[in-house]
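Worksheet: one structure, shown below.
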Amino acid sequence: MTREEKQAIVDELTQKFATYNFFYITDAAGLSVASINRFRKLCFDQGMEYKVYKNTLIRKALDTLDADTTAMDEALKGQSGILFSQDSGSAPAKLLQRFYKAEAYGKGVTPKPTLKGAYIDTDVFTGSENLEFLSNIKSKNDLIGEIVGLLQSPAKNVISALQGGGNKLAGILKTLSEKE
């Protein structure tokens with residue numbers, strides 16, 4: 001590979017890192033061609049992209065990010081593939097878990113592709129032990145929806161109380177006026 005080709009790949013990765021706020025680095029070594037093709041199809045169906053890159057080129061592209069990515073150095077050993085997602089930080093983790101179920105990995109078997117690291121809005125997570133945590137992260141839209149729901153709830157209660165109270169007050173006044 002020539003120096004120009006390497007620079008083109010680093011530029012491509014740099015652009016993807018700037019475009020995608022969420023990406024996971026995985027190790028797919030040991031997967032059969034059929035398995036990796038099923039994984040790529042699952043990624044494509046979910047609107048994600050999976051591609052294998054050289055670790056040195058990934059490192060050069062990571063250095064262009066504003067965040068501290070030195071913790072990713074642990075993840076950049078062996079074969080590395082990057083799973084890009086624009087939707088949410090948990091979508092790739094859920095995709096990996098779904099793939100593990102589909103491939104029916106048993107106990108004691110290390111599922112592949114193995115999560116080596118994840119970059120979620122400038123936060124870096126390393127190691128496959130974070131997969132469960134990453135799958136439970138809520139997206140920005142989910143959090144905004146919850147906040148809006150929480151903010152609307154007290155307002156709805158006040159409005160319904162005022163409407164209900166107004167009817168009660170009118171009923172009490174009517175009853176009092178009929179008594180006289």
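Here's how to read the names in the structure tokens: chain A, B, ... by the order shown, residue numbers from 1 in each chain, ligand numbers from 1 in the order shown.
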Skip Gly30 (chain A) itself and residues of its chain fewer than 3 positions away, then list as number ranges by chain all residues within 12 Å of it, counting only C-alpha atoms.
A: 27, 33-36, 78-79, 110-114
Got a sec: who's within 6 Å of region 86-98 of chain A, counting only C-alpha atoms, leaving out chain neighbours fewer than 5 positions off, as an MDAnalysis selection string?
chainID A and resid 20 22 120 131 134:135 137 139
Please save N, CA, C and O atoms of the selected residues as a compact mmCIF listing (two decimals), in the first residue's frame.
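And here is the file that came out, out-v5.txt:
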```
# COMPACT_ATOMS: atom_id res chain seq x y z
N TYR A 20 -19.83 10.62 12.20
CA TYR A 20 -20.49 9.70 13.12
C TYR A 20 -20.04 9.99 14.55
O TYR A 20 -18.86 9.95 14.86
N PHE A 22 -20.87 8.09 17.02
CA PHE A 22 -20.81 6.80 17.70
C PHE A 22 -20.12 5.79 16.81
O PHE A 22 -20.53 5.58 15.67
N ILE A 120 -18.46 7.14 22.26
CA ILE A 120 -19.83 7.64 22.34
C ILE A 120 -19.77 9.11 22.74
O ILE A 120 -19.51 9.43 23.90
N LEU A 131 -20.32 -4.03 27.09
CA LEU A 131 -21.36 -4.22 26.08
C LEU A 131 -22.77 -4.08 26.67
O LEU A 131 -23.62 -3.39 26.09
N LEU A 134 -23.42 -0.41 27.46
CA LEU A 134 -23.59 0.37 26.23
C LEU A 134 -24.94 0.11 25.57
O LEU A 134 -25.50 1.00 24.95
N SER A 135 -25.46 -1.10 25.72
CA SER A 135 -26.74 -1.41 25.09
C SER A 135 -27.91 -0.72 25.81
O SER A 135 -28.99 -0.59 25.25
N ILE A 137 -27.69 2.47 27.04
CA ILE A 137 -27.59 3.93 26.91
C ILE A 137 -28.77 4.43 26.08
O ILE A 137 -29.09 3.87 25.04
N SER A 139 -30.75 7.13 23.71
CA SER A 139 -30.38 8.10 22.68
C SER A 139 -30.80 9.50 23.13
O SER A 139 -31.62 9.67 24.03
```
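Minimum atom-to-atom distance to Ala18 (chain A), evaluated using only C-alpha atoms, belongs to A:Leu65 out of A:Leu31, A:Met1, A:Leu65, A:Val148.
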Could you pull out the alpha helix (DSSP H) residues of region 3-179 of chain A from DSSP and send them as a ChimeraX atom specification?
/A:3-19,33-45,55-62,91-103,131-135,140-179
Near-Asp66 (chain A) list (12 Å; only C-alpha atoms; drop same-chain fewer than 4 positions) as a list in words:
Thr14, Phe17, Ala18, Asn21, Ala61, Leu62, Thr70, Asp121, Thr122 and Asp123 of chain A
Taking only C-alpha atoms into account, which of A:Ser80, A:Ser177, A:Thr126, A:Asn141 comes nearest Ala29 (chain A)?
A:Ser80
Compare A:Leu76, A:Asp45, A:Arg38, A:Ile25 by their minimum atom-to-atom distance to Tyr119 (chain A), counting only C-alpha atoms, and give me the closest one.
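The answer is A:Ile25, which sits nearest to Tyr119 (chain A).
Among the candidate residues A:Val124, A:Ala104, A:Leu42, A:Ala28, the one lying nearest to Gly81 (chain A) is A:Ala28, with distances computed using only C-alpha atoms.
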Nearest to Arg59 (chain A) among A:Val10, A:Leu150, A:Ala118, A:Val109, with distances taken over only C-alpha atoms: which residue is it?
A:Val10
Any chance you could list, as a list in words, the residues in region 91-129 of chain A that come up strand (DSSP E or B) when DSSP is run on the backbone?
Thr114, Leu115, Lys116, Gly117, Ala118, Tyr119, Ile120, Asp123, Val124, Phe125 and Thr126 of chain A
